[in-house]
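Asks: Provided herewith is a single structure, encoded as structure tokens, for subsequent inquiry.
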Amino acid sequence: MNDIRRTILWVIFGFSLVLLWDQWQVYNGRSPTFLPSTKPHATATAPAPTPAGAASSAVPQASTTQAGTSGASAVPDGKTAAPTAGERVVVTTDVLKLTFDTEGGSLVQSEFIQHDDLAEKDKPFILLDQSPNRYYVAQTGLIGGAFPTHKTPMSFSGERALKDGANELLLRFESADLGGVKLVKTWTLKRGAYDMAVRHEIVNTGTAPVSPQLYLQIVRDGNKPPGESSFYSTFTGPAVYTEAKKYQKIEFKDIENNKAEFVKESPNGYVAMVQHYFASAWLLKDGIQRDLFARKVDNNLYAVGMITSAGAVEPGTTKSIDAEFFVGPQAEKTLEAVAPGLELVKDYGIFTIISKPLYWLLDKLHGMLGNWGWAIVALVVLLKAAFYWLNAKAYGSMAKMKAINPKIMEMRERLKDKPQEMQQEMMRIYREEKVNPMGGCFPILIQIPVFIALYWVLLSSVEMRHAPWIGWIKDLSAPDPWFILPIVMTATSLFQTWLNPTPPDPMQAKLMWIMPLAFSVMFIFFPAGLVLYWITNNVLSIAQQWFINKRLGVIGK
């Protein structure tokens, strides 16, 4: 039993060191030594400009490397001309500064007025972007003929700023007649909102009926968002939501290898591009049948989108399709108000069912305390109180183990040359002392899902961005600039190790001291909010364990 336990501990410790070294290599801009990355190369840039003189209304063929539904291959690729191809229309509301391109009436840049950039705090955060180092845009158009697409020049009309006292801002993009069809896009921006209505009016200017299809797509490079840590993983990529299969994340590498699996047809749901803290999504009303697709557009360039039929449009008539586009922070209450299921773009991992009520409680505590750091402390205190008796049972078992530890060590020294007899004698001591060696493990194991769920709540909540706690902690989503919290974290972890019973095996005993030191190195690069959570949990655990050990008279043994 001891040999197996020792082997498992060494495997865990060795693998942890491998991961730690690899992430240190990535953090310093070098390639991983042991586990090569499968992500697209981060230096890939936006697509090359269209050659001068190329017809901007031409509909190029999509890449042959794609995953999606029938019809997805007819969608024009997401590549566009150089950023100066069309007129740039910059509009502002109280929360958004958006840039549209009159080439296709596409949304090519979004700035969040109330959310600062990660590196330059005096500048707003940019999500959608069309620059040499970033490509992330929202496009729509028609397929099924030589109809207007996101590459078609359009004329713009409308206001460029939300006026005082106004609640809406209307932007109108109108194409010329192509294939007997004119497309009019009307974007409606609302005060205080990150979602906007997008009406597509399909005008048949010809003499014969037409049956175009409308596509809505988000095109993005596969690069990791700037400033993301290499020491913890958050999802970046497309996602699809339907009532049938709920939320399905799609890895860029699966699109690359034609292995993307998701619902291809649905009468409801949305498509999205997701990254840490922020997301964008196209939505159609429930009941509208749509095909869903995710495909590779070009080198390190991917699209996710929907296609829906407009039906037959008779000559001289107009048909409208209403869609909705969201681009903004993953604020849970905001997402829930936009559409059912949209809050799932906030990635809670496998314990979503536990994470959602934890976030609700954290939000309520913040409302009372007015500080996210103290709300984290208060939430951990409440959780520890809820699990007090379960923890007391675990710590009581560990205290008993610590109390009989001198007897176990003496016996091991006496029978070190008789392993079988040693094992039998050890079990006898456990029986006589009424000690269960696993008694301290099971109560703690029951709590692990709750604390993992809380970890994801703190890691995923955009409210932590640039949220101060006290003194030197100005941003709970960034590492502690003075490394004070990681040092305290290390000290509390080592103190907990001292309080726990010493393993009978000397090698295991050494390993139990080394592992907290090894894992604490990673906390240097973790967000301060996460480290604060672990410190609070450690301190409360130490207090309870110290009290139980002292009551049972085992302090210092």
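Every chain in the structure tokens has a letter given in the order shown (A, B, ...), and although residue numbers restart at 1 in each chain, ligands are simply numbered from 1 in the order shown.
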Which residues, written as number ranges by chain, have at least one atom at most 10 Å from range 370-386 of chain A, with only C-alpha atoms counted and residues fewer than 4 positions away on the same chain left out?

Replies: A: 358-359, 361-366, 390-391, 447, 450-451, 454, 458, 463-464, 467-470, 473, 475-476, 528-530, 532-537, 540-541, 544

Asks: Would you save the residues of that selection, restricted to C-alpha atoms, as a PDB file, in the first residue's frame?

Replies:
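Once everything was written out, this is again-v5.pdb:
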```pdb
ATOM      1  CA  LEU A 358     -21.941  30.751  -6.141  1.00  0.00           C
ATOM      2  CA  TYR A 359     -21.735  33.724  -8.507  1.00  0.00           C
ATOM      3  CA  LEU A 361     -24.095  34.776  -3.785  1.00  0.00           C
ATOM      4  CA  LEU A 362     -20.818  36.553  -4.621  1.00  0.00           C
ATOM      5  CA  ASP A 363     -22.767  39.274  -6.451  1.00  0.00           C
ATOM      6  CA  LYS A 364     -25.097  39.725  -3.473  1.00  0.00           C
ATOM      7  CA  LEU A 365     -22.129  40.024  -1.111  1.00  0.00           C
ATOM      8  CA  HIS A 366     -20.544  42.609  -3.405  1.00  0.00           C
ATOM      9  CA  LEU A 390     -17.720  18.135   7.695  1.00  0.00           C
ATOM     10  CA  ASN A 391     -14.298  19.750   8.048  1.00  0.00           C
ATOM     11  CA  GLN A 447     -16.077  19.728  -0.928  1.00  0.00           C
ATOM     12  CA  VAL A 450     -17.606  23.419  -4.665  1.00  0.00           C
ATOM     13  CA  PHE A 451     -14.174  25.000  -4.401  1.00  0.00           C
ATOM     14  CA  LEU A 454     -15.663  28.892  -7.017  1.00  0.00           C
ATOM     15  CA  LEU A 458     -13.444  34.021  -9.900  1.00  0.00           C
ATOM     16  CA  GLU A 463     -16.200  42.081 -12.725  1.00  0.00           C
ATOM     17  CA  MET A 464     -12.734  41.171 -11.388  1.00  0.00           C
ATOM     18  CA  ALA A 467     -11.348  45.738  -9.499  1.00  0.00           C
ATOM     19  CA  PRO A 468      -9.257  46.918  -6.513  1.00  0.00           C
ATOM     20  CA  TRP A 469      -9.100  45.246  -3.114  1.00  0.00           C
ATOM     21  CA  ILE A 470      -6.805  47.031  -0.647  1.00  0.00           C
ATOM     22  CA  ILE A 473      -3.949  45.297  -5.101  1.00  0.00           C
ATOM     23  CA  ASP A 475      -6.657  44.687 -10.095  1.00  0.00           C
ATOM     24  CA  LEU A 476      -8.025  41.363  -8.818  1.00  0.00           C
ATOM     25  CA  ALA A 528      -4.761  38.206  -7.200  1.00  0.00           C
ATOM     26  CA  GLY A 529      -8.445  37.367  -6.689  1.00  0.00           C
ATOM     27  CA  LEU A 530      -7.735  33.647  -7.016  1.00  0.00           C
ATOM     28  CA  LEU A 532      -6.873  35.791  -2.156  1.00  0.00           C
ATOM     29  CA  TYR A 533      -9.484  33.033  -2.315  1.00  0.00           C
ATOM     30  CA  TRP A 534      -6.894  30.307  -1.595  1.00  0.00           C
ATOM     31  CA  ILE A 535      -5.299  32.314   1.241  1.00  0.00           C
ATOM     32  CA  THR A 536      -8.676  32.879   2.904  1.00  0.00           C
ATOM     33  CA  ASN A 537      -9.493  29.189   2.590  1.00  0.00           C
ATOM     34  CA  LEU A 540      -9.783  29.423   7.934  1.00  0.00           C
ATOM     35  CA  SER A 541      -8.696  25.794   7.538  1.00  0.00           C
ATOM     36  CA  GLN A 544     -10.170  25.176  12.553  1.00  0.00           C
TER      37      GLN A 544
END
```

Asks: Run DSSP on the backbone and tell me which residues of range 50-289 of chain A come out as alpha helix (DSSP H); list them as a PyMOL selection string.

Replies: chain A and resi 252-256

Asks: Please return, as a PDB file with C-alpha atoms, in the first residue's frame, all residues of range 218-405 of chain A that DSSP assigns to strand (DSSP E) on the basis of the backbone.

Replies:
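Output below, filename selection39.pdb:
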```
ATOM      1  CA  ILE A 218     -18.100  36.167 -37.151  1.00  0.00           C
ATOM      2  CA  VAL A 219     -14.588  35.831 -38.523  1.00  0.00           C
ATOM      3  CA  ARG A 220     -11.595  35.703 -36.222  1.00  0.00           C
ATOM      4  CA  ASP A 221      -7.918  34.776 -36.209  1.00  0.00           C
ATOM      5  CA  GLY A 237     -12.838  30.093 -30.066  1.00  0.00           C
ATOM      6  CA  PRO A 238     -16.275  29.571 -31.625  1.00  0.00           C
ATOM      7  CA  ALA A 239     -19.305  28.256 -29.783  1.00  0.00           C
ATOM      8  CA  VAL A 240     -22.781  27.126 -30.819  1.00  0.00           C
ATOM      9  CA  TYR A 241     -25.885  27.042 -28.654  1.00  0.00           C
ATOM     10  CA  THR A 242     -29.129  25.210 -29.425  1.00  0.00           C
ATOM     11  CA  LYS A 246     -27.139  23.317 -25.340  1.00  0.00           C
ATOM     12  CA  TYR A 247     -23.694  24.961 -25.328  1.00  0.00           C
ATOM     13  CA  GLN A 248     -21.021  23.440 -27.574  1.00  0.00           C
ATOM     14  CA  LYS A 249     -17.491  24.857 -27.707  1.00  0.00           C
ATOM     15  CA  GLU A 265     -29.422  22.644 -38.119  1.00  0.00           C
ATOM     16  CA  SER A 266     -31.733  24.211 -35.558  1.00  0.00           C
ATOM     17  CA  TYR A 270     -26.969  31.402 -31.521  1.00  0.00           C
ATOM     18  CA  VAL A 271     -23.357  31.317 -32.723  1.00  0.00           C
ATOM     19  CA  ALA A 272     -20.572  33.069 -30.854  1.00  0.00           C
ATOM     20  CA  MET A 273     -16.864  33.824 -30.625  1.00  0.00           C
ATOM     21  CA  VAL A 274     -15.649  33.554 -27.056  1.00  0.00           C
ATOM     22  CA  GLN A 275     -12.531  34.554 -25.173  1.00  0.00           C
ATOM     23  CA  PHE A 278     -15.607  38.979 -23.558  1.00  0.00           C
ATOM     24  CA  ALA A 279     -17.730  37.541 -26.378  1.00  0.00           C
ATOM     25  CA  SER A 280     -19.601  38.317 -29.570  1.00  0.00           C
ATOM     26  CA  ALA A 281     -22.663  36.498 -30.903  1.00  0.00           C
ATOM     27  CA  TRP A 282     -25.189  36.453 -33.730  1.00  0.00           C
ATOM     28  CA  LEU A 283     -28.751  35.609 -32.734  1.00  0.00           C
ATOM     29  CA  LEU A 284     -31.971  34.929 -34.661  1.00  0.00           C
ATOM     30  CA  ARG A 290     -31.071  28.085 -39.600  1.00  0.00           C
ATOM     31  CA  ASP A 291     -28.020  26.115 -40.720  1.00  0.00           C
ATOM     32  CA  LEU A 292     -24.986  26.462 -38.486  1.00  0.00           C
ATOM     33  CA  PHE A 293     -21.400  26.335 -39.703  1.00  0.00           C
ATOM     34  CA  ALA A 294     -17.832  26.657 -38.487  1.00  0.00           C
ATOM     35  CA  ARG A 295     -15.054  26.650 -41.072  1.00  0.00           C
ATOM     36  CA  LYS A 296     -11.524  27.626 -41.882  1.00  0.00           C
ATOM     37  CA  VAL A 297     -11.406  30.710 -44.088  1.00  0.00           C
ATOM     38  CA  ASP A 298      -7.665  31.154 -44.560  1.00  0.00           C
ATOM     39  CA  LEU A 301      -8.546  32.561 -39.866  1.00  0.00           C
ATOM     40  CA  TYR A 302     -11.846  30.958 -38.866  1.00  0.00           C
ATOM     41  CA  ALA A 303     -15.565  31.703 -39.219  1.00  0.00           C
ATOM     42  CA  VAL A 304     -18.637  30.651 -37.283  1.00  0.00           C
ATOM     43  CA  GLY A 305     -22.075  31.579 -38.505  1.00  0.00           C
ATOM     44  CA  MET A 306     -25.673  30.891 -39.473  1.00  0.00           C
ATOM     45  CA  ILE A 307     -27.559  30.712 -42.764  1.00  0.00           C
ATOM     46  CA  THR A 308     -31.314  31.193 -43.028  1.00  0.00           C
ATOM     47  CA  SER A 309     -33.617  31.322 -46.028  1.00  0.00           C
ATOM     48  CA  THR A 318     -39.370  43.525 -49.779  1.00  0.00           C
ATOM     49  CA  LYS A 319     -38.729  40.867 -47.155  1.00  0.00           C
ATOM     50  CA  SER A 320     -37.106  41.551 -43.817  1.00  0.00           C
ATOM     51  CA  ILE A 321     -35.090  39.281 -41.528  1.00  0.00           C
ATOM     52  CA  ASP A 322     -34.384  40.554 -38.051  1.00  0.00           C
ATOM     53  CA  ALA A 323     -31.234  39.454 -36.265  1.00  0.00           C
ATOM     54  CA  GLU A 324     -29.410  40.555 -33.155  1.00  0.00           C
ATOM     55  CA  PHE A 325     -25.708  41.042 -32.559  1.00  0.00           C
ATOM     56  CA  PHE A 326     -24.052  41.097 -29.152  1.00  0.00           C
ATOM     57  CA  VAL A 327     -20.525  42.327 -28.516  1.00  0.00           C
ATOM     58  CA  GLY A 328     -19.460  42.980 -24.965  1.00  0.00           C
ATOM     59  CA  PRO A 329     -18.280  41.765 -21.580  1.00  0.00           C
TER      60      PRO A 329
END
```

Asks: Give me, as a list of chain:residue names, all polymer residues having an atom no more than 6 Å from Phe125 in chain A, counting only C-alpha atoms and skipping those fewer than 4 positions away in the same chain.

Replies: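 Near Phe125 in chain A, the qualifying residues are A:Glu111, A:Phe112, A:His115, A:Asp116, A:Asp117.
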
Asks: State, in Å with one decimal place, the distance from CA of Thr352 in chain A to CA of Phe387 in chain A.

Replies: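 Calculated distance between CA of Thr352 in chain A and CA of Phe387 in chain A is 20.1 Å.
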
Asks: Counting only C-alpha atoms, give me one row per residue of range 391-465 of chain A with an atom at most 12 Å from an atom of range 331-343 of chain A, showing the shortest contact pair and its distance in Å to one decimal, sorted by chain then residue number, as JSON lines.

Replies:
```
{"residue": "A:Val457", "atom": "CA", "partner": "A:Glu332", "partner_atom": "CA", "distance": 10.8}
{"residue": "A:Ser460", "atom": "CA", "partner": "A:Ala331", "partner_atom": "CA", "distance": 9.7}
{"residue": "A:Ser461", "atom": "CA", "partner": "A:Ala331", "partner_atom": "CA", "distance": 7.2}
{"residue": "A:Val462", "atom": "CA", "partner": "A:Ala331", "partner_atom": "CA", "distance": 6.4}
{"residue": "A:Glu463", "atom": "CA", "partner": "A:Ala331", "partner_atom": "CA", "distance": 7.3}
{"residue": "A:Met464", "atom": "CA", "partner": "A:Ala331", "partner_atom": "CA", "distance": 10.7}
{"residue": "A:Arg465", "atom": "CA", "partner": "A:Ala331", "partner_atom": "CA", "distance": 11.4}
```

Asks: Would you work out the distance separating CA of Phe525 in chain A from CA of Pro486 in chain A, expressed in Å to one decimal?

Replies: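 One can read the CA of Phe525 in chain A to CA of Pro486 in chain A distance as 8.8 Å.
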
Asks: Contacts between range 158-180 of chain A and range 224-332 of chain A, please, where a residue of range 224-332 of chain A counts if it comes within 12 Å (with only C-alpha atoms); show its shortest atom pair and distance in Å to one decimal, rows by chain and ascending number, as CSV.

Replies:
```
residue,atom,partner,partner_atom,distance
A:Val313,CA,A:Gly180,CA,10.8
A:Glu314,CA,A:Gly180,CA,10.9
A:Pro315,CA,A:Gly180,CA,8.8
A:Gly316,CA,A:Gly180,CA,10.0
A:Thr317,CA,A:Gly180,CA,11.6
```

Asks: Name the residues in contact with range 515-524 of chain A at a cut-off of 7 Å, using only C-alpha atoms, excluding same-chain residues fewer than 4 positions from it; report them as JSON, numbers by chain.

Replies: {"A": [13, 231, 479, 483, 486, 490, 493, 494, 511, 531]}

Asks: Which one is closest to Ser355 in chain A: A:Tyr430, A:Phe262, A:Tyr455, A:Phe252? Count only C-alpha atoms.

Replies: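 Looking at the shortest contact to Ser355 in chain A, the residue is A:Tyr455.
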
Asks: Pick out the residues sitting within 10 Å of Lys407 in chain A, and hand them over as a PDB file with C-alpha atoms, in the first residue's frame; count only C-alpha atoms, and ignore anything fewer than 4 positions along from it in its own chain.

Replies:
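File result02.pdb, as written:
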```pdb
ATOM      1  CA  LYS A 402      -1.002  13.022  14.247  1.00  0.00           C
ATOM      2  CA  ALA A 403      -1.439  11.907  17.880  1.00  0.00           C
ATOM      3  CA  MET A 411       6.922   0.638  15.085  1.00  0.00           C
ATOM      4  CA  ARG A 412       8.234   1.289  11.563  1.00  0.00           C
ATOM      5  CA  MET A 426       0.062  -0.710  11.589  1.00  0.00           C
ATOM      6  CA  ILE A 429      -2.698   0.168  15.892  1.00  0.00           C
TER       7      ILE A 429
END
```

Asks: Applying 7 Å and only C-alpha atoms, which residues near Val95 in chain A remain after dropping the ones on its own chain fewer than 3 positions away? List them as a list in words.

Replies: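 After dropping sequence-adjacent residues, the list is Phe112, Ile113, Gln114 and Gly192 of chain A.
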
Asks: Selection from above, N, CA and C atoms, as a short mmCIF file (atom, residue, chain, number, x, y, z; two decimals), in the first residue's frame, can you write it?

Replies:
```cif
data_model
loop_
_atom_site.label_atom_id
_atom_site.label_comp_id
_atom_site.auth_asym_id
_atom_site.auth_seq_id
_atom_site.Cartn_x
_atom_site.Cartn_y
_atom_site.Cartn_z
N PHE A 112 -14.89 49.23 -25.80
CA PHE A 112 -15.78 49.26 -24.64
C PHE A 112 -15.38 50.42 -23.73
N ILE A 113 -16.22 51.44 -23.72
CA ILE A 113 -15.89 52.67 -23.01
C ILE A 113 -15.72 52.45 -21.52
N GLN A 114 -16.47 51.52 -20.95
CA GLN A 114 -16.43 51.30 -19.51
C GLN A 114 -15.47 50.17 -19.09
N GLY A 192 -26.93 52.13 -23.09
CA GLY A 192 -26.58 51.20 -22.02
C GLY A 192 -26.53 49.74 -22.42
#
```
